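See structure below.
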Amino acid sequence: MEQHRTRPAQYGPRRGRPPLPPQGRGPEGRPRPARAPGPGAQRSVRGGAPRGPVPSPAAPPLLRRLPNPRLTGLGGGLFCAAVMLASGFLDQLLFGSSRTVYGVLFLPACVLTAVWVRRGDLLTAPIVVPIAFAVGLTTVADGGDGFTGALGGFVTALAMEAGWLYGGTLIAGTIVIVRRIRLVRRRAAARERGVA
């Protein structure tokens, strides 16, 4: 029968090496003062000891600080119409119904509407901005007496300011197309990651 030799347990210091101080004590045997973890220290799951500083997130760029609502198609149309009505009244009050000022104010309204409309209603933005232009134009159109005169003034103003109308609609359409392309590419990339 084969017998295994067992080595007796050695208690005490090994020869030639000084004994190690107990954990939590300094070289002289005095207890070490507890150090508070730094402000960025992260605790591990097992022992709760700090692992090291966690880098703070970078400050968001200026564009992320701006409001970023998500409007439905109807909400985008109401937003743009309200902005154009307010712009028309402001133009009438400050500039004496200048249609050029009204046209200039129409362009940022188109940009905001196309940027803030939600992804599912992207195609509504180029449709609602011309309607909003026409709604707000009633405040700055030179109309005569009665309904016929007001209608004639409105149609004339709409024909004279068609450049602003087409320009704003083109801007909104371009933003919508760019957003749509980015959305399709993002979905394709997510699909490829899911397959891989």
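Letters A, B, ... go to the chains of the structure tokens in the order shown; residues in each chain start at 1; ligands are counted from 1 in the same order.
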Worksheet entry | Gln92 in chain A surroundings by only C-alpha atoms, 9 Å radius, close-in-sequence under 6 positions cut, as a PyMOL selection string | chain A and resi 98+139-140
Response to the item:
The distance between CA of Leu71 in chain A and CA of Ala172 in chain A is 14.5 Å
Item to complete: Give me the residues within 12 Å of Phe89 in chain A as a ChimeraX atom specification, counting only C-alpha atoms and dropping any in the same chain fewer than 4 places off.
Response: /A:82-85,93-99,101-102,105,135-141
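CA of Pro126 in chain A is positioned 9.0 Å from CA of Thr113 in chain A.
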Item to complete: Using only C-alpha atoms, determine which residues lie at most 8 Å from range 178-184 of chain A, disregarding the query and same-chain residues fewer than 4 positions distant; provide the list as number ranges by chain.
Response: A: 119, 122, 174, 188
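The space separating CA of Val115 in chain A from CA of Arg70 in chain A comes to 8.7 Å.
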Practice prompt. Please provide the set of residues having any atom within 12 Å of Trp164 in chain A, restricted to only C-alpha atoms, with same-chain residues fewer than 4 positions apart removed, written as a VMD selection string.
Written response: chain A and resid 99 to 110 129 to 130 133 to 134 137 157 to 160 168 to 171
Selection export as a PDB file, in the first residue's frame, atoms kept: C-alpha atoms:
```pdb
ATOM      1  CA  ARG A  99     -43.861  91.151 -45.953  1.00  0.00           C
ATOM      2  CA  THR A 100     -40.082  90.796 -46.311  1.00  0.00           C
ATOM      3  CA  VAL A 101     -39.674  90.660 -42.530  1.00  0.00           C
ATOM      4  CA  TYR A 102     -42.516  88.147 -42.402  1.00  0.00           C
ATOM      5  CA  GLY A 103     -40.767  85.987 -45.020  1.00  0.00           C
ATOM      6  CA  VAL A 104     -37.470  86.119 -43.115  1.00  0.00           C
ATOM      7  CA  LEU A 105     -39.247  85.049 -39.911  1.00  0.00           C
ATOM      8  CA  PHE A 106     -40.847  82.160 -41.798  1.00  0.00           C
ATOM      9  CA  LEU A 107     -37.513  80.441 -42.462  1.00  0.00           C
ATOM     10  CA  PRO A 108     -36.537  79.680 -38.820  1.00  0.00           C
ATOM     11  CA  ALA A 109     -40.097  78.513 -38.153  1.00  0.00           C
ATOM     12  CA  CYS A 110     -39.691  76.001 -40.990  1.00  0.00           C
ATOM     13  CA  VAL A 129     -45.292  74.805 -43.266  1.00  0.00           C
ATOM     14  CA  PRO A 130     -46.983  76.285 -46.386  1.00  0.00           C
ATOM     15  CA  PHE A 133     -47.329  80.560 -43.982  1.00  0.00           C
ATOM     16  CA  ALA A 134     -50.775  81.217 -45.436  1.00  0.00           C
ATOM     17  CA  LEU A 137     -49.957  85.953 -43.986  1.00  0.00           C
ATOM     18  CA  ALA A 157     -49.674  88.843 -51.012  1.00  0.00           C
ATOM     19  CA  LEU A 158     -49.447  85.081 -51.463  1.00  0.00           C
ATOM     20  CA  ALA A 159     -48.445  85.500 -55.117  1.00  0.00           C
ATOM     21  CA  MET A 160     -45.923  88.244 -54.322  1.00  0.00           C
ATOM     22  CA  GLY A 168     -39.108  77.670 -46.466  1.00  0.00           C
ATOM     23  CA  THR A 169     -40.808  74.576 -47.824  1.00  0.00           C
ATOM     24  CA  LEU A 170     -37.571  73.544 -49.556  1.00  0.00           C
ATOM     25  CA  ILE A 171     -35.609  73.983 -46.302  1.00  0.00           C
TER      26      ILE A 171
END
```
